[in-house]
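*Asks:* See work21.csv below, with CSV, C-alpha atoms.
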chain,number,residue,atom,x,y,z
A,11,MET,CA,-21.7,37.8,11.7
A,12,ALA,CA,-21.2,41.4,12.9
A,13,GLN,CA,-24.3,43.6,12.9
A,14,VAL,CA,-24.4,47.0,11.3
A,15,PRO,CA,-23.5,49.7,13.8
A,16,ALA,CA,-26.5,51.4,15.2
A,17,THR,CA,-25.4,54.7,13.8
A,18,THR,CA,-25.5,53.4,10.3
A,19,GLN,CA,-28.8,51.4,10.3
A,20,ALA,CA,-31.3,53.0,8.0
A,21,THR,CA,-34.3,54.8,9.5
A,22,GLY,CA,-35.4,56.7,6.4
A,23,THR,CA,-33.9,59.9,7.7
A,24,ASP,CA,-30.6,61.6,7.0
A,25,GLU,CA,-29.4,60.6,10.5
A,26,GLY,CA,-30.1,56.9,9.8
A,27,VAL,CA,-28.6,56.7,6.4
A,28,GLY,CA,-25.6,58.9,7.2
A,29,ALA,CA,-23.4,60.7,4.8
A,30,ALA,CA,-22.8,59.2,1.4
A,31,GLY,CA,-19.1,58.8,2.3
A,32,GLU,CA,-20.2,56.6,5.3
A,33,LEU,CA,-22.1,54.2,3.1
A,34,ASP,CA,-19.2,54.2,0.7
A,35,VAL,CA,-17.0,53.0,3.5
A,36,LEU,CA,-19.4,50.3,4.6
A,37,LEU,CA,-19.8,48.9,1.0
A,38,GLU,CA,-16.1,49.2,0.3
A,39,SER,CA,-15.3,47.0,3.4
A,40,HIS,CA,-17.2,44.1,1.8
A,41,ARG,CA,-16.1,44.7,-1.8
A,42,THR,CA,-13.3,42.1,-2.0
A,43,GLU,CA,-15.2,39.2,-0.4
A,44,LEU,CA,-18.3,40.0,-2.5
A,45,THR,CA,-16.1,40.0,-5.7
A,46,GLY,CA,-14.7,36.7,-4.7
A,47,TYR,CA,-18.2,35.3,-4.1
A,48,CYS,CA,-19.5,36.5,-7.5
A,49,TYR,CA,-16.3,35.3,-9.2
A,50,ARG,CA,-16.8,31.8,-7.9
A,51,VAL,CA,-20.4,31.8,-9.0
A,52,LEU,CA,-19.9,33.3,-12.4
A,53,GLY,CA,-16.4,32.2,-13.4
A,54,SER,CA,-15.5,35.6,-14.9
A,55,ALA,CA,-13.4,38.3,-13.3
A,56,PHE,CA,-15.2,41.0,-15.3
A,57,GLU,CA,-18.7,39.7,-14.8
A,58,ALA,CA,-17.9,39.5,-11.1
A,59,GLU,CA,-16.9,43.2,-11.0
A,60,ASP,CA,-20.1,44.1,-12.9
A,61,ALA,CA,-22.2,42.0,-10.4
A,62,VAL,CA,-20.6,43.7,-7.4
A,63,GLN,CA,-21.3,47.1,-9.0
A,64,ASP,CA,-24.9,46.1,-9.6
A,65,THR,CA,-25.2,44.8,-6.0
A,66,PHE,CA,-24.0,48.2,-4.7
A,67,VAL,CA,-26.4,50.1,-7.0
A,68,ARG,CA,-29.3,48.0,-5.7
A,69,ALA,CA,-28.1,48.5,-2.1
A,70,TRP,CA,-28.0,52.2,-2.6
A,71,ARG,CA,-31.5,52.2,-3.9
A,72,ALA,CA,-32.9,50.1,-1.1
A,73,TYR,CA,-30.7,51.3,1.8
A,74,ASP,CA,-33.4,53.7,3.2
A,75,ARG,CA,-35.6,50.6,3.6
A,76,PHE,CA,-33.0,48.4,5.2
A,77,GLU,CA,-34.2,47.7,8.8
A,78,GLY,CA,-31.2,46.0,10.2
A,79,ARG,CA,-33.0,42.7,11.0
A,80,SER,CA,-30.0,40.9,9.5
A,81,SER,CA,-26.4,42.1,9.2
A,82,LEU,CA,-25.4,44.4,6.4
A,83,ARG,CA,-23.1,41.7,5.2
A,84,SER,CA,-25.8,39.1,4.8
A,85,TRP,CA,-28.1,41.6,3.2
A,86,LEU,CA,-25.4,42.4,0.6
A,87,TYR,CA,-24.8,38.7,0.0
A,88,ARG,CA,-28.6,38.3,-0.7
A,89,ILE,CA,-28.5,41.0,-3.2
A,90,ALA,CA,-25.3,39.7,-4.8
A,91,THR,CA,-26.8,36.2,-5.0
A,92,ASN,CA,-29.9,37.5,-6.8
A,93,VAL,CA,-27.7,39.4,-9.3
A,94,CYS,CA,-25.6,36.3,-10.0
A,95,MET,CA,-28.7,34.1,-10.3
A,96,ASP,CA,-30.2,36.4,-12.9
A,97,SER,CA,-27.0,36.2,-14.9
A,98,LEU,CA,-26.7,32.4,-14.6
A,99,ASN,CA,-30.4,31.9,-15.5
A,100,ALA,CA,-29.5,33.6,-18.8
A,101,GLY,CA,-27.5,30.5,-19.6
A,102,ASN,CA,-23.9,31.5,-18.6
A,103,ARG,CA,-21.6,28.6,-18.0
A,104,ARG,CA,-17.8,28.8,-18.4
A,105,ALA,CA,-15.2,26.1,-18.9
A,106,ARG,CA,-11.5,25.2,-19.6
A,107,PRO,CA,-10.4,23.8,-22.9
A,108,VAL,CA,-9.9,20.4,-21.1
A,109,ASP,CA,-13.6,20.4,-20.2
A,110,LEU,CA,-14.8,20.8,-23.8
A,111,THR,CA,-12.8,18.6,-26.1
A,112,PRO,CA,-10.3,15.7,-26.0
A,113,ALA,CA,-6.6,16.5,-26.0
A,114,THR,CA,-5.3,17.2,-29.5
A,115,PRO,CA,-2.3,15.3,-30.7
A,116,LEU,CA,0.5,17.6,-31.8
A,117,ALA,CA,0.3,16.4,-35.4
A,118,GLN,CA,-3.3,17.7,-35.5
A,119,ALA,CA,-2.8,20.9,-33.6
A,120,ALA,CA,-4.7,23.9,-34.9
A,121,LEU,CA,-5.5,27.2,-33.1
A,122,SER,CA,-9.3,27.6,-33.3
A,123,PRO,CA,-10.7,30.4,-31.1
A,124,ARG,CA,-14.1,30.3,-29.3
A,125,PRO,CA,-16.0,33.3,-28.0
A,126,ASP,CA,-14.7,35.0,-24.8
A,127,ASN,CA,-17.8,33.9,-22.8
A,128,THR,CA,-16.8,30.3,-23.3
A,129,TRP,CA,-13.9,30.4,-20.9
A,130,LEU,CA,-13.2,30.5,-17.3
A,131,GLU,CA,-11.2,33.7,-16.6
A,132,PRO,CA,-8.1,34.1,-14.5
A,133,VAL,CA,-8.2,36.7,-11.7
A,134,PRO,CA,-5.5,38.3,-9.5
A,135,ASP,CA,-5.7,37.0,-5.9
A,136,ALA,CA,-5.9,40.5,-4.4
A,137,ARG,CA,-9.2,41.2,-6.2
A,138,VAL,CA,-11.0,38.2,-4.7
A,139,LEU,CA,-9.2,36.9,-1.6
A,140,PRO,CA,-9.6,39.1,1.6
A,141,SER,CA,-6.8,38.9,4.1
A,142,HIS,CA,-7.2,36.2,6.8
A,143,SER,CA,-5.3,35.8,10.0
A,144,ASP,CA,-6.1,32.1,10.1
A,145,PRO,CA,-3.8,30.0,7.8
A,146,ALA,CA,-6.5,27.3,7.4
A,147,GLN,CA,-9.0,29.9,6.3
A,148,THR,CA,-6.5,31.3,3.8
A,149,ALA,CA,-5.8,27.8,2.4
A,150,VAL,CA,-9.6,27.2,1.9
A,151,ALA,CA,-10.0,30.5,0.2
A,152,ARG,CA,-7.1,30.0,-2.2
A,153,GLU,CA,-8.2,26.4,-3.1
A,154,SER,CA,-11.7,27.7,-3.8
A,155,VAL,CA,-10.5,29.9,-6.7
A,156,ARG,CA,-8.3,27.3,-8.3
A,157,LEU,CA,-9.1,26.8,-11.9
A,158,ALA,CA,-9.9,23.1,-11.4
A,159,PHE,CA,-12.4,23.8,-8.6
A,160,MET,CA,-13.9,26.7,-10.5
A,161,ALA,CA,-14.4,24.4,-13.5
A,162,ALA,CA,-16.1,21.8,-11.3
A,163,LEU,CA,-18.4,24.5,-9.9
A,164,GLN,CA,-19.6,25.3,-13.4
A,165,HIS,CA,-21.4,21.9,-13.5
A,166,LEU,CA,-23.7,22.8,-10.6
A,167,PRO,CA,-27.1,24.4,-11.1
A,168,PRO,CA,-27.1,28.1,-9.9
A,169,LYS,CA,-28.8,27.4,-6.5
A,170,GLN,CA,-26.5,24.5,-5.7
A,171,ARG,CA,-23.5,26.6,-6.7
A,172,ALA,CA,-24.5,29.3,-4.3
A,173,VAL,CA,-25.3,26.9,-1.5
A,174,LEU,CA,-21.9,25.1,-1.8
A,175,ILE,CA,-19.9,28.3,-1.9
A,176,LEU,CA,-21.7,29.8,1.1
A,177,ARG,CA,-21.6,26.6,3.2
A,178,GLU,CA,-18.2,25.0,2.2
A,179,VAL,CA,-16.1,28.1,1.3
A,180,LEU,CA,-17.6,30.9,3.4
A,181,ALA,CA,-18.6,28.6,6.3
A,182,TRP,CA,-22.2,30.0,6.6
A,183,LYS,CA,-24.6,28.0,8.7
A,184,ALA,CA,-27.4,26.1,7.0
A,185,ALA,CA,-30.0,28.3,8.7
A,186,GLU,CA,-28.2,31.5,7.5
A,187,VAL,CA,-28.1,30.2,3.9
A,188,ALA,CA,-31.8,29.2,4.1
A,189,GLU,CA,-32.7,32.7,5.2
A,190,LEU,CA,-30.6,34.3,2.4
A,191,LEU,CA,-32.2,32.1,-0.3
A,192,GLU,CA,-35.7,32.3,1.3
A,193,THR,CA,-36.0,28.5,1.6
A,194,THR,CA,-35.8,25.8,4.3
A,195,THR,CA,-32.8,24.4,6.1
A,196,ALA,CA,-33.7,21.0,4.8
A,197,SER,CA,-33.7,22.3,1.2
A,198,VAL,CA,-30.3,23.8,1.8
A,199,ASN,CA,-28.9,20.6,3.2
A,200,SER,CA,-30.3,18.6,0.3
A,201,ALA,CA,-28.9,21.0,-2.2
A,202,LEU,CA,-25.5,20.8,-0.5
A,203,GLN,CA,-25.5,17.0,-0.7
A,204,ARG,CA,-26.3,17.0,-4.4
A,205,ALA,CA,-23.6,19.7,-5.0
A,206,ARG,CA,-21.0,17.7,-3.2
A,207,ALA,CA,-21.8,14.6,-5.2
A,208,THR,CA,-21.5,16.5,-8.5
A,209,LEU,CA,-18.4,18.2,-7.5
A,210,ALA,CA,-16.7,14.9,-6.5
A,211,GLU,CA,-17.7,13.4,-9.8
A,212,HIS,CA,-16.1,16.3,-11.8
A,213,ALA,CA,-13.2,17.2,-9.6
A,214,GLY,CA,-12.3,13.7,-8.4
A,215,ALA,CA,-9.9,12.9,-11.2
A,216,GLU,CA,-7.9,16.0,-10.8
A,217,GLU,CA,-4.7,15.8,-8.8
A,218,ALA,CA,-4.7,17.9,-5.7
A,219,ALA,CA,-2.7,21.0,-6.2
A,220,ASP,CA,0.0,22.1,-3.8
A,221,THR,CA,-1.3,25.1,-1.9
A,222,ALA,CA,1.5,26.3,0.4
A,223,ASP,CA,1.2,30.1,1.0
A,224,PRO,CA,3.8,31.4,0.9
A,225,LEU,CA,5.4,28.8,-1.4
A,226,ASP,CA,7.8,26.6,0.4
A,227,ALA,CA,11.5,26.4,-0.5
A,228,GLU,CA,11.1,23.4,-2.8
A,229,GLN,CA,8.2,24.9,-4.7
A,230,GLN,CA,10.1,28.2,-5.1
A,231,LYS,CA,13.1,26.2,-6.5
A,232,LEU,CA,10.7,24.5,-8.9
A,233,LEU,CA,9.5,27.9,-10.1
A,234,ASP,CA,13.0,29.2,-10.4
A,235,ARG,CA,14.0,26.2,-12.5
A,236,TYR,CA,10.9,26.7,-14.7
A,237,VAL,CA,11.7,30.3,-15.4
A,238,ALA,CA,15.3,29.4,-16.3
A,239,ALA,CA,14.1,26.6,-18.6
A,240,PHE,CA,11.4,28.6,-20.3
A,241,GLU,CA,13.5,31.8,-20.8
A,242,GLY,CA,16.3,29.6,-22.1
A,243,TYR,CA,13.8,27.6,-24.2
A,244,ASP,CA,15.6,24.5,-22.9
A,245,MET,CA,13.1,21.7,-23.6
A,246,THR,CA,15.2,19.0,-21.9
A,247,ALA,CA,15.2,21.1,-18.7
A,248,LEU,CA,11.5,21.9,-19.1
A,249,THR,CA,10.6,18.2,-19.6
A,250,ALA,CA,12.3,17.4,-16.3
A,251,LEU,CA,10.0,19.8,-14.5
A,252,LEU,CA,6.7,18.7,-16.1
A,253,HIS,CA,4.6,15.8,-14.9
A,254,GLU,CA,4.4,13.1,-17.5
A,255,ASP,CA,0.6,13.8,-17.8
A,256,ALA,CA,0.9,17.6,-17.7
A,257,VAL,CA,-1.5,19.7,-19.7
A,258,MET,CA,-1.1,23.0,-21.5
A,259,THR,CA,-4.2,25.1,-22.4
A,260,MET,CA,-4.3,28.4,-24.4
A,261,PRO,CA,-7.7,30.2,-24.2
A,262,PRO,CA,-9.3,31.6,-26.3
A,263,PHE,CA,-8.2,28.6,-28.4
A,264,ASP,CA,-9.9,25.3,-27.7
A,265,LEU,CA,-6.7,23.4,-28.4
A,266,TRP,CA,-5.1,21.7,-25.4
A,267,LEU,CA,-2.1,19.4,-25.2
A,268,ALA,CA,-1.3,16.5,-22.9
A,269,GLY,CA,2.1,15.0,-22.1
A,270,THR,CA,5.6,16.4,-22.2
A,271,ASP,CA,6.3,15.3,-25.8
A,272,ASP,CA,3.4,17.2,-27.2
A,273,ILE,CA,3.8,20.3,-25.0
A,274,THR,CA,7.5,20.7,-25.8
A,275,GLY,CA,6.9,19.7,-29.4
A,276,PHE,CA,4.3,22.5,-29.8
A,277,MET,CA,6.7,25.0,-28.2
A,278,THR,CA,9.4,24.3,-30.7
A,279,THR,CA,7.1,24.3,-33.8
A,280,ILE,CA,3.9,26.4,-33.7
A,281,GLY,CA,5.0,28.2,-30.6
A,282,ALA,CA,8.6,28.7,-31.7
A,283,ALA,CA,8.2,32.5,-31.7
A,284,CYS,CA,8.2,32.4,-27.9
A,285,ALA,CA,11.9,31.4,-27.8
A,286,GLY,CA,13.8,34.1,-25.9
A,287,SER,CA,10.8,35.2,-23.9
A,288,ARG,CA,10.8,36.8,-20.4
A,289,LEU,CA,8.6,35.8,-17.4
A,290,ILE,CA,7.5,38.2,-14.6
A,291,PRO,CA,6.1,36.6,-11.5
A,292,THR,CA,2.5,37.3,-10.4
A,293,VAL,CA,-0.3,35.3,-8.7
A,294,ALA,CA,-3.7,34.2,-10.0
A,295,ASN,CA,-6.4,31.9,-8.8
A,296,GLY,CA,-4.5,31.0,-5.6
A,297,ALA,CA,-1.6,29.7,-7.7
A,298,PRO,CA,1.8,30.9,-8.9
A,299,ALA,CA,1.5,32.7,-12.3
A,300,PHE,CA,3.7,34.6,-14.7
A,301,ALA,CA,3.3,37.4,-17.2
A,302,HIS,CA,4.8,36.1,-20.4
A,303,TYR,CA,6.5,38.6,-22.7
A,304,LYS,CA,7.8,37.4,-26.0
A,305,PRO,CA,10.4,39.2,-28.2
A,306,ARG,CA,9.1,41.9,-30.5
A,307,GLU,CA,8.4,40.8,-34.0
A,308,ASP,CA,9.4,44.0,-35.7
A,309,GLY,CA,13.1,43.4,-34.9
A,310,GLU,CA,13.3,46.2,-32.4
A,311,PRO,CA,14.8,45.3,-29.0
A,312,GLY,CA,12.4,44.5,-26.2
A,313,PHE,CA,9.5,42.3,-25.3
A,314,VAL,CA,5.7,42.6,-25.7
A,315,PRO,CA,2.8,40.9,-23.8
A,316,TRP,CA,1.9,37.4,-24.9
A,317,ALA,CA,0.1,35.5,-22.1
A,318,VAL,CA,-0.7,35.3,-18.4
A,319,GLN,CA,0.5,31.8,-17.4
A,320,VAL,CA,-1.2,30.1,-14.4
A,321,LEU,CA,0.6,27.0,-13.1
A,322,ASP,CA,-0.6,23.9,-11.3
A,323,LEU,CA,2.0,22.3,-9.0
A,324,SER,CA,1.7,18.9,-7.5
A,325,GLY,CA,4.2,16.5,-6.1
A,326,GLY,CA,7.2,18.6,-7.0
A,327,ARG,CA,6.2,18.8,-10.7
A,328,ILE,CA,4.2,21.2,-12.9
A,329,THR,CA,0.9,19.5,-13.8
A,330,GLY,CA,-0.8,22.3,-15.6
A,331,LEU,CA,0.3,25.3,-17.7
A,332,HIS,CA,-2.6,27.5,-18.5
A,333,CYS,CA,-1.8,30.4,-20.9
A,334,PHE,CA,-4.4,33.1,-21.2
A,335,LEU,CA,-3.6,34.9,-24.4
A,336,ASP,CA,-6.0,37.9,-24.5
A,337,THR,CA,-3.4,40.2,-23.1
A,338,PRO,CA,-5.3,43.5,-23.7
A,339,LYS,CA,-7.7,42.2,-21.1
A,340,TRP,CA,-5.5,40.4,-18.7
A,341,PHE,CA,-2.4,42.6,-18.4
A,342,PRO,CA,-4.3,45.7,-17.3
A,343,LEU,CA,-6.4,43.6,-14.9
A,344,PHE,CA,-3.2,42.3,-13.3
A,345,GLY,CA,-1.5,45.7,-13.3
A,346,LEU,CA,1.3,44.4,-15.5
A,347,PRO,CA,3.6,46.7,-17.5
A,348,PRO,CA,2.7,47.1,-21.2
A,349,ALA,CA,6.2,46.2,-22.4
A,350,LEU,CA,9.7,45.3,-21.3
A,351,ASP,CA,12.9,46.8,-22.6
A,352,ALA,CA,15.8,44.8,-24.0
A,353,GLU,CA,17.1,44.1,-20.5
A,354,GLY,CA,13.7,42.8,-19.4
A,355,ARG,CA,12.8,45.9,-17.3
A,356,PRO,CA,9.3,47.3,-17.3
A,357,VAL,CA,8.5,50.1,-19.8
A,358,GLY,CA,5.7,52.5,-19.3
A,359,GLY,CA,4.9,51.8,-15.7
A,360,ASP,CA,2.0,49.8,-14.4
A,361,GLU,CA,-0.9,49.3,-16.7
A,362,ALA,CA,-3.5,49.0,-13.9
A,363,PRO,CA,-6.3,51.2,-15.1
A,364,ASP,CA,-7.0,54.2,-12.8
A,365,LEU,CA,-10.8,53.5,-12.8
A,366,PRO,CA,-13.3,54.2,-10.1
A,367,SER,CA,-14.1,51.3,-7.8
A,368,PRO,CA,-17.4,49.5,-8.0
A,369,VAL,CA,-18.5,51.5,-5.0
A,370,GLU,CA,-17.7,54.8,-6.7
A,371,ARG,CA,-19.4,53.7,-9.9
A,372,ALA,CA,-22.5,52.6,-8.1
A,373,ARG,CA,-22.7,55.9,-6.3
A,374,LYS,CA,-22.4,57.9,-9.5
A,375,ILE,CA,-25.2,55.9,-11.0
A,376,ILE,CA,-27.4,56.6,-8.0
A,377,GLU,CA,-26.5,60.3,-8.1
A,378,ALA,CA,-27.4,60.4,-11.9
A,379,GLU,CA,-30.7,58.7,-11.2
A,380,ARG,CA,-31.6,61.2,-8.4
A,381,ALA,CA,-30.5,64.1,-10.5
A,382,ALA,CA,-32.8,62.9,-13.4
A,383,GLY,CA,-35.7,62.5,-11.0
A,384,ALA,CA,-35.2,65.8,-9.2
Can you present the structure in this file as structure tokens?
*Replies:*
Amino acid sequence: MAQVPATTQATGTDEGVGAAGELDVLLESHRTELTGYCYRVLGSAFEAEDAVQDTFVRAWRAYDRFEGRSSLRSWLYRIATNVCMDSLNAGNRRARPVDLTPATPLAQAALSPRPDNTWLEPVPDARVLPSHSDPAQTAVARESVRLAFMAALQHLPPKQRAVLILREVLAWKAAEVAELLETTTASVNSALQRARATLAEHAGAEEAADTADPLDAEQQKLLDRYVAAFEGYDMTALTALLHEDAVMTMPPFDLWLAGTDDITGFMTTIGAACAGSRLIPTVANGAPAFAHYKPREDGEPGFVPWAVQVLDLSGGRITGLHCFLDTPKWFPLFGLPPALDAEGRPVGGDEAPDLPSPVERARKIIEAERAAGA
């Protein structure tokens, strides 16, 4: 791993620390990968953002004591790991509906919400996946934020979760992980073996998702057909695209459905208000996704947000349709327009909030602390 440039290593003086803007640049260069690491550990896009901000606050506070014996990157990962472990030790563990209850037959379907902190959260790829020139590295990174993999990670104790991500996803050496966790290489290797066994137990039954990036021609045709079938609310066409054992989930509701009959049956009964919807493509969790807008209920022309759909594809079929319904959270996070007009065109521009980055927020916290102590 690259060492911190000599001009930016801390010495306890202004020359060593450098200008605030210089440290901002250094921290910003690691923001996306740290957010991805924290997201994999915590299972929440928003908790990951908070963890990265806390990491940068702690880094700012301690930077004048950073002696450069390790790289700045590994130092930040150590801080981020401690932040995440503190959060996980408070009992946080997130899941998908399929991890908590059996599938509900359509005849018994009821929409029962659970608290937000129950659920694994979707995340836009750009927030957690740094650019890689190596296609194999890109494939590993995308696979490691898939909802199924994320759900399997949640079964690991905090330390094993960190070890597996650092070793298997980020390709750290065992000695580097041991130094970061202040333990032995033997302990790291043992934790990795146990983590692999647990992961295989919980992820083994899941069908491997197609991970082509960009999507190949057949996958793109499948998605085009899905959009046409969904927007036309053509259940016959939709059934032809779904795997016979496909699942549909709808957090924050714990209901989930299995099989084409129950999925299409739900869509034409409880979900009938979604007829005539529009889908806007996006990406989430290393998978194709859509912003789902349904017709306005007040009779006016146009469409309003209803869900972020994340799709699982395998073997030329759709095996999972995961609909995240808390649109006031998800649409701004994904930078999606707040509405569509009658022709399906965006209304109101992007909703991506113009908020300061975690680096900027961390620096403001430090500036306020220093002002209060002056």
*Asks:* List the spatial neighbours of Ala205 in chain A as a PyMOL selection string - criterion: any atom at most 8 Å away, only C-alpha atoms, same-chain residues fewer than 4 positions off excluded.
*Replies:* chain A and resi 166+170-171+174+201+209
*Asks:* Neighbours of Ala185 in chain A within 12 Å (only C-alpha atoms; same-chain residues fewer than 5 positions away dropped), as a list in words?
*Replies:*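 Everything that qualifies: Val173, Leu176, Arg177, Leu190, Leu191, Glu192, Thr193, Thr194, Thr195, Ala196, Ser197, Val198 and Asn199 of chain A.
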*Asks:* Find the residues near range 128-142 of chain A: any atom within 9 Å, counting all atoms listed in the file, skip ones fewer than 2 places away on the same chain, and give them as a ChimeraX atom specification.
*Replies:* /A:41-47,49,52-56,102-107,124-126,144-148,151-152,155,157,160-161,261-262,292-297,318,320,334,340,343-344
*Asks:* A:Glu32, A:Ala207, A:Ala238, A:Gln63: which is nearest Glu370 in chain A, counting only C-alpha atoms?
*Replies:*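 Residue with the minimum atom-to-atom distance to Glu370 in chain A: A:Gln63.
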*Asks:* Measuring between only C-alpha atoms, which one of A:Phe66, A:Phe313, A:Tyr73, A:Tyr236 shows the shortest distance to Ile89 in chain A?
*Replies:*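 Ranking A:Phe66, A:Phe313, A:Tyr73, A:Tyr236 by distance to Ile89 in chain A, first place goes to A:Phe66.
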*Asks:* Need to verify the contact set: Gly281 in chain A, 12 Å, all atoms listed in the file, exclusion of same-chain residues closer than 2 positions in sequence. Can you return it as a list in words?
*Replies:* Leu116, Ala119, Ala120, Leu121, Tyr243, Met260, Asp272, Ile273, Thr274, Gly275, Phe276, Met277, Thr278, Thr279, Ala283, Cys284, Ala285, Gly286, Ser287, Lys304 and Trp316 of chain A
*Asks:* For the contact check between range 281-331 of chain A and range 350-357 of chain A, emit one row per residue of range 281-331 of chain A within 8 Å, containing the shortest atom pair and the distance in Å rounded to one decimal, counting all atoms listed in the file, chain then rising number order, as a Markdown table.
*Replies:*
| residue | atom | partner | partner_atom | distance |
| --- | --- | --- | --- | --- |
| A:Arg288 | CA | A:Gly354 | CA | 6.7 |
| A:Tyr303 | CA | A:Leu350 | CA | 7.6 |
| A:Pro311 | CA | A:Ala352 | CA | 5.1 |
| A:Gly312 | CA | A:Ala352 | CA | 4.1 |
| A:Phe313 | CA | A:Leu350 | CA | 5.0 |
| A:Val314 | CA | A:Leu350 | CA | 6.5 |
*Asks:* Given the choices A:Ala69, A:Leu163, A:Gly242, A:Glu57, which gets closest to Arg373 in chain A if the distance is worked out from all atoms listed in the file?
*Replies:*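 Result for the nearest residue to Arg373 in chain A: A:Ala69.
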*Asks:* Separation of CA of Glu186 in chain A and CA of Ala61 in chain A, in Å?
*Replies:*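 Interatomic distance here is 21.6 Å.
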*Asks:* With distances taken over only C-alpha atoms, which residue among A:Leu335, A:Ile175, A:Val187, A:Leu232 lies nearest Pro123 in chain A?
*Replies:*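 Checking each of A:Leu335, A:Ile175, A:Val187, A:Leu232 against Pro123 in chain A, counting only C-alpha atoms, the winner is A:Leu335.
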*Asks:* Closest to Thr114 in chain A among A:Val35, A:Ile280, A:Leu331, A:Leu267, using all atoms listed in the file?
*Replies:*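 Once distances to Thr114 in chain A are computed over all atoms listed in the file, the minimum belongs to A:Leu267.
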*Asks:* Have a look at A:Asp264, A:Asp226, A:Glu379, A:Glu241 and name the one nearest to Leu323 in chain A; count all atoms listed in the file.
*Replies:*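 The shortest atom-to-atom distance to Leu323 in chain A comes from A:Asp226.
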*Asks:* Do you have the CA of Trp70 in chain A-CA of Met95 in chain A distance handy?
*Replies:*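 Pair CA of Trp70 in chain A / CA of Met95 in chain A returns 19.7 Å.
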*Asks:* What is the distance between CA of Ser324 in chain A and CA of Phe341 in chain A, in Å to one decimal?
*Replies:* 26.4 Å
*Asks:* So which residues touch His332 in chain A within 8 Å, counting only C-alpha atoms, skipping near sequence neighbours fewer than 6 positions away, as a ChimeraX atom specification?
*Replies:* /A:257-260,319-321
